[in-house]
>>> print(open('model-v4.txt').read())   # compact mmCIF, C-alpha atoms
# COMPACT_ATOMS: atom_id res chain seq x y z
CA MET A 1 20.00 -27.69 4.08
CA GLN A 2 20.05 -25.48 1.05
CA ALA A 3 19.04 -21.83 1.46
CA ILE A 4 16.51 -20.43 -0.97
CA ALA A 5 17.70 -17.38 -2.88
CA PHE A 6 15.58 -14.25 -2.76
CA LYS A 7 13.51 -13.79 -5.89
CA GLU A 8 11.94 -10.43 -6.52
CA ALA A 9 8.21 -10.54 -7.27
CA ASP A 10 7.12 -9.96 -10.84
CA ARG A 11 5.21 -6.73 -11.37
CA ALA A 12 2.31 -6.88 -13.81
CA GLN A 13 0.36 -3.73 -14.53
CA VAL A 14 -2.12 -4.52 -17.27
CA SER A 15 -4.83 -1.86 -17.13
CA PHE A 16 -5.24 0.32 -20.19
CA LEU A 17 -4.10 3.31 -18.09
CA ALA A 18 -0.92 1.59 -16.82
CA PRO A 19 1.41 2.90 -19.56
CA MET A 20 0.26 6.49 -18.96
CA GLU A 21 0.48 6.06 -15.20
CA LYS A 22 4.02 4.68 -15.47
CA LYS A 23 5.14 7.64 -17.60
CA ALA A 24 3.52 10.09 -15.17
CA LEU A 25 5.16 8.43 -12.16
CA ILE A 26 8.59 8.47 -13.79
CA TRP A 27 8.06 12.14 -14.72
CA LEU A 28 7.09 12.91 -11.10
CA ALA A 29 10.01 10.89 -9.70
CA HIS A 30 12.51 12.91 -11.75
CA ARG A 31 11.01 16.12 -10.38
CA THR A 32 10.69 15.06 -6.74
CA PRO A 33 13.00 17.10 -4.48
CA ALA A 34 16.11 15.26 -3.29
CA TRP A 35 15.11 15.60 0.38
CA ILE A 36 12.01 13.45 -0.24
CA ASN A 37 12.72 9.72 -0.29
CA SER A 38 10.58 6.63 -0.82
CA ASP A 39 10.01 6.20 2.92
CA HIS A 40 8.42 9.67 3.05
CA LEU A 41 6.07 8.67 0.23
CA THR A 42 5.19 5.39 1.95
CA ALA A 43 4.33 7.38 5.10
CA LEU A 44 2.21 9.74 2.98
CA GLY A 45 0.31 6.73 1.64
CA LEU A 46 -0.37 5.36 5.12
CA ILE A 47 -1.35 8.71 6.64
CA SER A 48 -3.61 9.30 3.65
CA LEU A 49 -5.51 6.08 4.32
CA LEU A 50 -5.90 7.14 7.95
CA GLY A 51 -7.27 10.43 6.60
CA ALA A 52 -9.62 8.63 4.20
CA GLY A 53 -10.91 6.45 7.04
CA SER A 54 -11.39 9.56 9.16
CA GLY A 55 -13.21 11.20 6.25
CA TYR A 56 -15.62 8.27 6.09
CA TRP A 57 -16.20 8.54 9.83
CA TYR A 58 -16.80 12.31 9.48
CA ALA A 59 -19.23 11.66 6.60
CA ARG A 60 -21.55 10.11 9.19
CA TYR A 61 -22.12 13.65 10.46
CA HIS A 62 -21.49 15.73 7.34
CA ARG A 63 -21.48 14.66 3.68
CA GLY A 64 -18.42 16.85 3.09
CA GLY A 65 -16.42 14.04 4.64
CA LEU A 66 -16.77 12.18 1.33
CA LEU A 67 -14.82 14.97 -0.39
CA LEU A 68 -12.07 14.44 2.18
CA VAL A 69 -12.09 10.73 1.35
CA ALA A 70 -11.58 11.49 -2.35
CA ALA A 71 -8.72 13.90 -1.61
CA PHE A 72 -7.01 11.48 0.77
CA LEU A 73 -7.39 8.57 -1.67
CA ALA A 74 -5.67 10.70 -4.34
CA LEU A 75 -2.82 11.40 -1.90
CA ASN A 76 -2.66 7.70 -1.10
CA TRP A 77 -2.30 6.91 -4.79
CA LEU A 78 0.53 9.43 -5.05
CA GLY A 79 2.43 8.10 -2.03
CA ASP A 80 1.80 4.41 -2.64
CA SER A 81 2.50 4.51 -6.38
CA LEU A 82 5.42 6.90 -6.40
CA ASP A 83 7.46 5.35 -3.55
CA GLY A 84 8.70 2.36 -5.54
CA THR A 85 9.13 4.36 -8.75
CA LEU A 86 11.23 6.94 -6.90
CA ALA A 87 13.42 4.19 -5.45
CA ARG A 88 13.94 2.65 -8.90
CA VAL A 89 14.64 5.99 -10.61
CA ARG A 90 17.20 6.90 -7.93
CA ASN A 91 18.60 3.33 -7.87
CA ARG A 92 17.83 3.01 -4.16
CA GLN A 93 15.82 -0.23 -4.27
CA ARG A 94 15.56 -2.33 -1.13
CA PRO A 95 13.53 -5.31 -2.35
CA ARG A 96 13.13 -7.20 0.93
CA TYR A 97 12.63 -4.10 3.05
CA GLY A 98 10.30 -2.48 0.53
CA PHE A 99 8.25 -5.66 0.12
CA TYR A 100 7.85 -6.04 3.89
CA VAL A 101 7.07 -2.39 4.59
CA ASP A 102 4.60 -2.23 1.71
CA HIS A 103 2.63 -5.18 3.07
CA VAL A 104 2.65 -3.87 6.65
CA VAL A 105 1.50 -0.44 5.46
CA ASP A 106 -1.24 -2.03 3.32
CA THR A 107 -2.38 -4.07 6.34
CA PHE A 108 -2.81 -0.99 8.50
CA GLY A 109 -4.18 1.10 5.63
CA VAL A 110 -7.00 -1.35 4.95
CA LEU A 111 -7.78 -1.40 8.68
CA PHE A 112 -8.04 2.42 8.70
CA LEU A 113 -10.15 2.55 5.54
CA LEU A 114 -12.59 -0.22 6.45
CA GLY A 115 -12.71 0.99 10.06
CA GLY A 116 -13.79 4.41 8.82
CA LEU A 117 -16.37 2.85 6.53
CA ALA A 118 -17.73 0.80 9.44
CA LEU A 119 -18.03 3.94 11.58
CA SER A 120 -19.59 5.95 8.75
CA GLY A 121 -22.88 4.12 8.57
CA TYR A 122 -22.37 3.61 4.81
CA MET A 123 -21.33 0.01 5.50
CA SER A 124 -22.38 -2.27 8.30
CA LYS A 125 -19.75 -3.14 10.88
CA SER A 126 -20.18 -6.85 10.21
CA ILE A 127 -19.59 -6.42 6.46
CA ALA A 128 -16.52 -4.28 7.15
CA ALA A 129 -15.20 -6.89 9.59
CA GLY A 130 -15.82 -9.65 7.04
CA LEU A 131 -14.02 -7.74 4.30
CA LEU A 132 -11.12 -7.00 6.63
CA THR A 133 -10.88 -10.66 7.60
CA ALA A 134 -11.00 -11.75 3.95
CA TYR A 135 -8.32 -9.21 3.03
CA TYR A 136 -6.03 -10.41 5.82
CA MET A 137 -6.59 -14.05 4.88
CA LEU A 138 -5.73 -13.35 1.24
CA SER A 139 -2.72 -11.24 2.17
CA ILE A 140 -1.17 -14.32 3.76
CA GLU A 141 -0.63 -15.57 0.20
CA SER A 142 1.81 -12.72 -0.49
CA ILE A 143 4.36 -13.63 2.16
CA SER A 144 7.88 -13.15 0.91
CA PRO A 145 10.17 -16.13 0.38
CA PRO A 146 12.63 -16.90 3.18
CA MET A 147 15.80 -14.87 3.22
CA PRO A 148 19.03 -16.72 2.46
CA SER A 149 20.17 -16.46 6.09
CA GLU A 150 17.01 -18.17 7.35
CA PRO A 151 17.05 -21.95 7.67
CA SER A 152 14.62 -23.65 5.35
CA ILE A 153 12.46 -26.47 6.59
CA CYS A 154 12.39 -29.67 4.60
CA LEU A 155 9.45 -31.97 5.29
CA SER A 156 10.58 -34.95 3.23
>>> encode(input="model-v4.txt", output="C-alpha cells")
Amino acid sequence: MQAIAFKEADRAQVSFLAPMEKKALIWLAHRTPAWINSDHLTALGLISLLGAGSGYWYARYHRGGLLLVAAFLALNWLGDSLDGTLARVRNRQRPRYGFYVDHVVDTFGVLFLLGGLALSGYMSKSIAAGLLTAYYMLSIESISPPMPSEPSICLS
C-alpha cells in the first residue's frame, strides 16, 4: 500500500480587513517576548472562550457579563490569530501538531461558548445544543489527511 504524503491545508483569508489583520499580526509577532510561544497563545485562546462562556452565564444575573464576553472574545482573537503567525515568523511551524491542536481547542471552545449562551437565557438550550451538534458534524469535514506512517485503506 502506498502512504499518502501530508499536504498542508491552504489558507484563504478573503475579507476586506484580512490584509490589515495580517500586517497587524506580523507586527505583533515580531514584538512578542521570546518567552511566549504559540502554545501559550493557543491556551490564551481556549481560556478566553471559557471566559466568554462564563461571561454569558454571568449575564443571566447581571448585564455587565456581556462586557466580559466582548473582552474575552477580543483575547480569543489575539490568542487564536497570533499563535500560527508567531510560529511562522519564528520558523517554528508544526503543521500536523498545530492542525490537530487547533481543531481540538476549537471543539472545546465552541462547547464553552455555546454552553455559556445556553445558560445565559439569551439562547434556548435546545438551539444551543442544535448549533453545537451542527458545528461538530461540520468539523468532521476538516479531519487531517493520514500521516505517512499510518496505513492507508484501499477499498478497491
>>> closest_residue(input="model-v4.txt", among="A:Leu50, A:Gly64, A:Gly115, A:Thr42", to="Phe99 in chain A", atoms="only C-alpha atoms")
A:Thr42
>>> closest_residue(input="model-v4.txt", among="A:Val89, A:Val101, A:Ile140, A:Ala52", to="Gly116 in chain A", atoms="only C-alpha atoms")
A:Ala52
>>> closest_residue(input="model-v4.txt", among="A:Ala29, A:Leu113, A:Leu131, A:Met20", to="Ile47 in chain A", atoms="all atoms listed in the file")
A:Leu113
>>> residues_around(input="model-v4.txt", residues="Ala34 in chain A", least_positions_apart="2", cutoff="12 Å", atoms="only C-alpha atoms", output="list in words")
Ala29, His30, Arg31, Thr32, Ile36, Asn37, Ser38, His40, Leu86, Ala87, Val89 and Arg90 of chain A
>>> atom_distance(input="model-v4.txt", atom1="CA of Leu41 in chain A", atom2="CA of Asp83 in chain A")
5.2 Å
>>> decode(input="model-v4.txt", residues="range 94-135 of chain A", atoms="N, CA and C atoms", output="PDB file, in the first residue's frame")
ATOM      1  N   ARG A  94       4.666  23.586  13.187  1.00  0.00           N
ATOM      2  CA  ARG A  94       4.433  22.151  13.404  1.00  0.00           C
ATOM      3  C   ARG A  94       3.081  21.859  12.769  1.00  0.00           C
ATOM      4  N   PRO A  95       3.061  21.646  11.445  1.00  0.00           N
ATOM      5  CA  PRO A  95       1.778  21.585  10.730  1.00  0.00           C
ATOM      6  C   PRO A  95       0.811  20.537  11.267  1.00  0.00           C
ATOM      7  N   ARG A  96       1.263  19.318  11.478  1.00  0.00           N
ATOM      8  CA  ARG A  96       0.338  18.272  11.954  1.00  0.00           C
ATOM      9  C   ARG A  96      -0.115  18.561  13.376  1.00  0.00           C
ATOM     10  N   TYR A  97       0.839  18.867  14.240  1.00  0.00           N
ATOM     11  CA  TYR A  97       0.529  19.161  15.635  1.00  0.00           C
ATOM     12  C   TYR A  97      -0.381  20.387  15.723  1.00  0.00           C
ATOM     13  N   GLY A  98      -0.012  21.446  15.027  1.00  0.00           N
ATOM     14  CA  GLY A  98      -0.794  22.675  15.077  1.00  0.00           C
ATOM     15  C   GLY A  98      -2.204  22.478  14.557  1.00  0.00           C
ATOM     16  N   PHE A  99      -2.334  21.725  13.468  1.00  0.00           N
ATOM     17  CA  PHE A  99      -3.646  21.438  12.887  1.00  0.00           C
ATOM     18  C   PHE A  99      -4.506  20.685  13.896  1.00  0.00           C
ATOM     19  N   TYR A 100      -3.940  19.658  14.500  1.00  0.00           N
ATOM     20  CA  TYR A 100      -4.684  18.841  15.465  1.00  0.00           C
ATOM     21  C   TYR A 100      -5.078  19.668  16.692  1.00  0.00           C
ATOM     22  N   VAL A 101      -4.118  20.349  17.275  1.00  0.00           N
ATOM     23  CA  VAL A 101      -4.389  21.126  18.494  1.00  0.00           C
ATOM     24  C   VAL A 101      -5.415  22.217  18.203  1.00  0.00           C
ATOM     25  N   ASP A 102      -5.301  22.874  17.055  1.00  0.00           N
ATOM     26  CA  ASP A 102      -6.244  23.925  16.712  1.00  0.00           C
ATOM     27  C   ASP A 102      -7.675  23.396  16.654  1.00  0.00           C
ATOM     28  N   HIS A 103      -7.858  22.230  16.077  1.00  0.00           N
ATOM     29  CA  HIS A 103      -9.207  21.667  15.974  1.00  0.00           C
ATOM     30  C   HIS A 103      -9.729  21.175  17.320  1.00  0.00           C
ATOM     31  N   VAL A 104      -8.867  20.626  18.154  1.00  0.00           N
ATOM     32  CA  VAL A 104      -9.300  20.208  19.493  1.00  0.00           C
ATOM     33  C   VAL A 104      -9.680  21.429  20.327  1.00  0.00           C
ATOM     34  N   VAL A 105      -8.865  22.471  20.260  1.00  0.00           N
ATOM     35  CA  VAL A 105      -9.154  23.695  21.006  1.00  0.00           C
ATOM     36  C   VAL A 105     -10.451  24.324  20.507  1.00  0.00           C
ATOM     37  N   ASP A 106     -10.650  24.362  19.192  1.00  0.00           N
ATOM     38  CA  ASP A 106     -11.903  24.908  18.656  1.00  0.00           C
ATOM     39  C   ASP A 106     -13.109  24.104  19.136  1.00  0.00           C
ATOM     40  N   THR A 107     -12.959  22.777  19.213  1.00  0.00           N
ATOM     41  CA  THR A 107     -14.050  21.908  19.662  1.00  0.00           C
ATOM     42  C   THR A 107     -14.466  22.249  21.089  1.00  0.00           C
ATOM     43  N   PHE A 108     -13.485  22.384  21.967  1.00  0.00           N
ATOM     44  CA  PHE A 108     -13.810  22.734  23.352  1.00  0.00           C
ATOM     45  C   PHE A 108     -14.271  24.184  23.463  1.00  0.00           C
ATOM     46  N   GLY A 109     -13.651  25.069  22.694  1.00  0.00           N
ATOM     47  CA  GLY A 109     -14.034  26.482  22.749  1.00  0.00           C
ATOM     48  C   GLY A 109     -15.484  26.710  22.371  1.00  0.00           C
ATOM     49  N   VAL A 110     -15.944  26.040  21.321  1.00  0.00           N
ATOM     50  CA  VAL A 110     -17.349  26.174  20.912  1.00  0.00           C
ATOM     51  C   VAL A 110     -18.265  25.605  21.991  1.00  0.00           C
ATOM     52  N   LEU A 111     -17.847  24.514  22.613  1.00  0.00           N
ATOM     53  CA  LEU A 111     -18.634  23.956  23.725  1.00  0.00           C
ATOM     54  C   LEU A 111     -18.774  24.983  24.850  1.00  0.00           C
ATOM     55  N   PHE A 112     -17.658  25.633  25.228  1.00  0.00           N
ATOM     56  CA  PHE A 112     -17.699  26.636  26.302  1.00  0.00           C
ATOM     57  C   PHE A 112     -18.583  27.815  25.921  1.00  0.00           C
ATOM     58  N   LEU A 113     -18.434  28.300  24.690  1.00  0.00           N
ATOM     59  CA  LEU A 113     -19.183  29.474  24.263  1.00  0.00           C
ATOM     60  C   LEU A 113     -20.679  29.191  24.163  1.00  0.00           C
ATOM     61  N   LEU A 114     -21.043  28.106  23.490  1.00  0.00           N
ATOM     62  CA  LEU A 114     -22.463  27.777  23.357  1.00  0.00           C
ATOM     63  C   LEU A 114     -23.059  27.307  24.684  1.00  0.00           C
ATOM     64  N   GLY A 115     -22.243  26.660  25.512  1.00  0.00           N
ATOM     65  CA  GLY A 115     -22.723  26.284  26.848  1.00  0.00           C
ATOM     66  C   GLY A 115     -23.070  27.513  27.667  1.00  0.00           C
ATOM     67  N   GLY A 116     -22.213  28.525  27.602  1.00  0.00           N
ATOM     68  CA  GLY A 116     -22.497  29.780  28.306  1.00  0.00           C
ATOM     69  C   GLY A 116     -23.736  30.465  27.767  1.00  0.00           C
ATOM     70  N   LEU A 117     -23.875  30.468  26.447  1.00  0.00           N
ATOM     71  CA  LEU A 117     -25.078  31.057  25.848  1.00  0.00           C
ATOM     72  C   LEU A 117     -26.333  30.315  26.299  1.00  0.00           C
ATOM     73  N   ALA A 118     -26.253  28.986  26.363  1.00  0.00           N
ATOM     74  CA  ALA A 118     -27.408  28.192  26.790  1.00  0.00           C
ATOM     75  C   ALA A 118     -27.773  28.504  28.239  1.00  0.00           C
ATOM     76  N   LEU A 119     -26.769  28.730  29.074  1.00  0.00           N
ATOM     77  CA  LEU A 119     -27.031  29.029  30.483  1.00  0.00           C
ATOM     78  C   LEU A 119     -27.403  30.487  30.721  1.00  0.00           C
ATOM     79  N   SER A 120     -27.220  31.334  29.716  1.00  0.00           N
ATOM     80  CA  SER A 120     -27.469  32.763  29.884  1.00  0.00           C
ATOM     81  C   SER A 120     -28.945  33.121  29.826  1.00  0.00           C
ATOM     82  N   GLY A 121     -29.714  32.329  29.115  1.00  0.00           N
ATOM     83  CA  GLY A 121     -31.096  32.705  28.883  1.00  0.00           C
ATOM     84  C   GLY A 121     -31.265  33.519  27.612  1.00  0.00           C
ATOM     85  N   TYR A 122     -30.167  33.926  26.965  1.00  0.00           N
ATOM     86  CA  TYR A 122     -30.236  34.652  25.701  1.00  0.00           C
ATOM     87  C   TYR A 122     -30.473  33.704  24.524  1.00  0.00           C
ATOM     88  N   MET A 123     -30.235  32.419  24.742  1.00  0.00           N
ATOM     89  CA  MET A 123     -30.469  31.410  23.718  1.00  0.00           C
ATOM     90  C   MET A 123     -31.055  30.190  24.409  1.00  0.00           C
ATOM     91  N   SER A 124     -32.000  29.546  23.776  1.00  0.00           N
ATOM     92  CA  SER A 124     -32.568  28.357  24.399  1.00  0.00           C
ATOM     93  C   SER A 124     -31.540  27.228  24.389  1.00  0.00           C
ATOM     94  N   LYS A 125     -31.673  26.351  25.357  1.00  0.00           N
ATOM     95  CA  LYS A 125     -30.737  25.225  25.455  1.00  0.00           C
ATOM     96  C   LYS A 125     -30.841  24.310  24.247  1.00  0.00           C
ATOM     97  N   SER A 126     -32.040  24.143  23.704  1.00  0.00           N
ATOM     98  CA  SER A 126     -32.191  23.261  22.547  1.00  0.00           C
ATOM     99  C   SER A 126     -31.546  23.865  21.297  1.00  0.00           C
ATOM    100  N   ILE A 127     -31.631  25.170  21.128  1.00  0.00           N
ATOM    101  CA  ILE A 127     -30.966  25.824  19.987  1.00  0.00           C
ATOM    102  C   ILE A 127     -29.455  25.715  20.149  1.00  0.00           C
ATOM    103  N   ALA A 128     -28.956  25.945  21.342  1.00  0.00           N
ATOM    104  CA  ALA A 128     -27.513  25.831  21.596  1.00  0.00           C
ATOM    105  C   ALA A 128     -27.032  24.406  21.328  1.00  0.00           C
ATOM    106  N   ALA A 129     -27.804  23.425  21.778  1.00  0.00           N
ATOM    107  CA  ALA A 129     -27.439  22.022  21.542  1.00  0.00           C
ATOM    108  C   ALA A 129     -27.459  21.702  20.050  1.00  0.00           C
ATOM    109  N   GLY A 130     -28.433  22.232  19.333  1.00  0.00           N
ATOM    110  CA  GLY A 130     -28.509  22.017  17.889  1.00  0.00           C
ATOM    111  C   GLY A 130     -27.336  22.648  17.156  1.00  0.00           C
ATOM    112  N   LEU A 131     -26.980  23.865  17.548  1.00  0.00           N
ATOM    113  CA  LEU A 131     -25.830  24.524  16.930  1.00  0.00           C
ATOM    114  C   LEU A 131     -24.535  23.779  17.233  1.00  0.00           C
ATOM    115  N   LEU A 132     -24.397  23.319  18.466  1.00  0.00           N
ATOM    116  CA  LEU A 132     -23.208  22.565  18.844  1.00  0.00           C
ATOM    117  C   LEU A 132     -23.111  21.272  18.040  1.00  0.00           C
ATOM    118  N   THR A 133     -24.227  20.581  17.904  1.00  0.00           N
ATOM    119  CA  THR A 133     -24.254  19.351  17.116  1.00  0.00           C
ATOM    120  C   THR A 133     -23.899  19.635  15.656  1.00  0.00           C
ATOM    121  N   ALA A 134     -24.473  20.678  15.092  1.00  0.00           N
ATOM    122  CA  ALA A 134     -24.179  21.041  13.701  1.00  0.00           C
ATOM    123  C   ALA A 134     -22.701  21.396  13.535  1.00  0.00           C
ATOM    124  N   TYR A 135     -22.153  22.148  14.482  1.00  0.00           N
ATOM    125  CA  TYR A 135     -20.738  22.503  14.417  1.00  0.00           C
ATOM    126  C   TYR A 135     -19.867  21.251  14.436  1.00  0.00           C
TER     127      TYR A 135
END
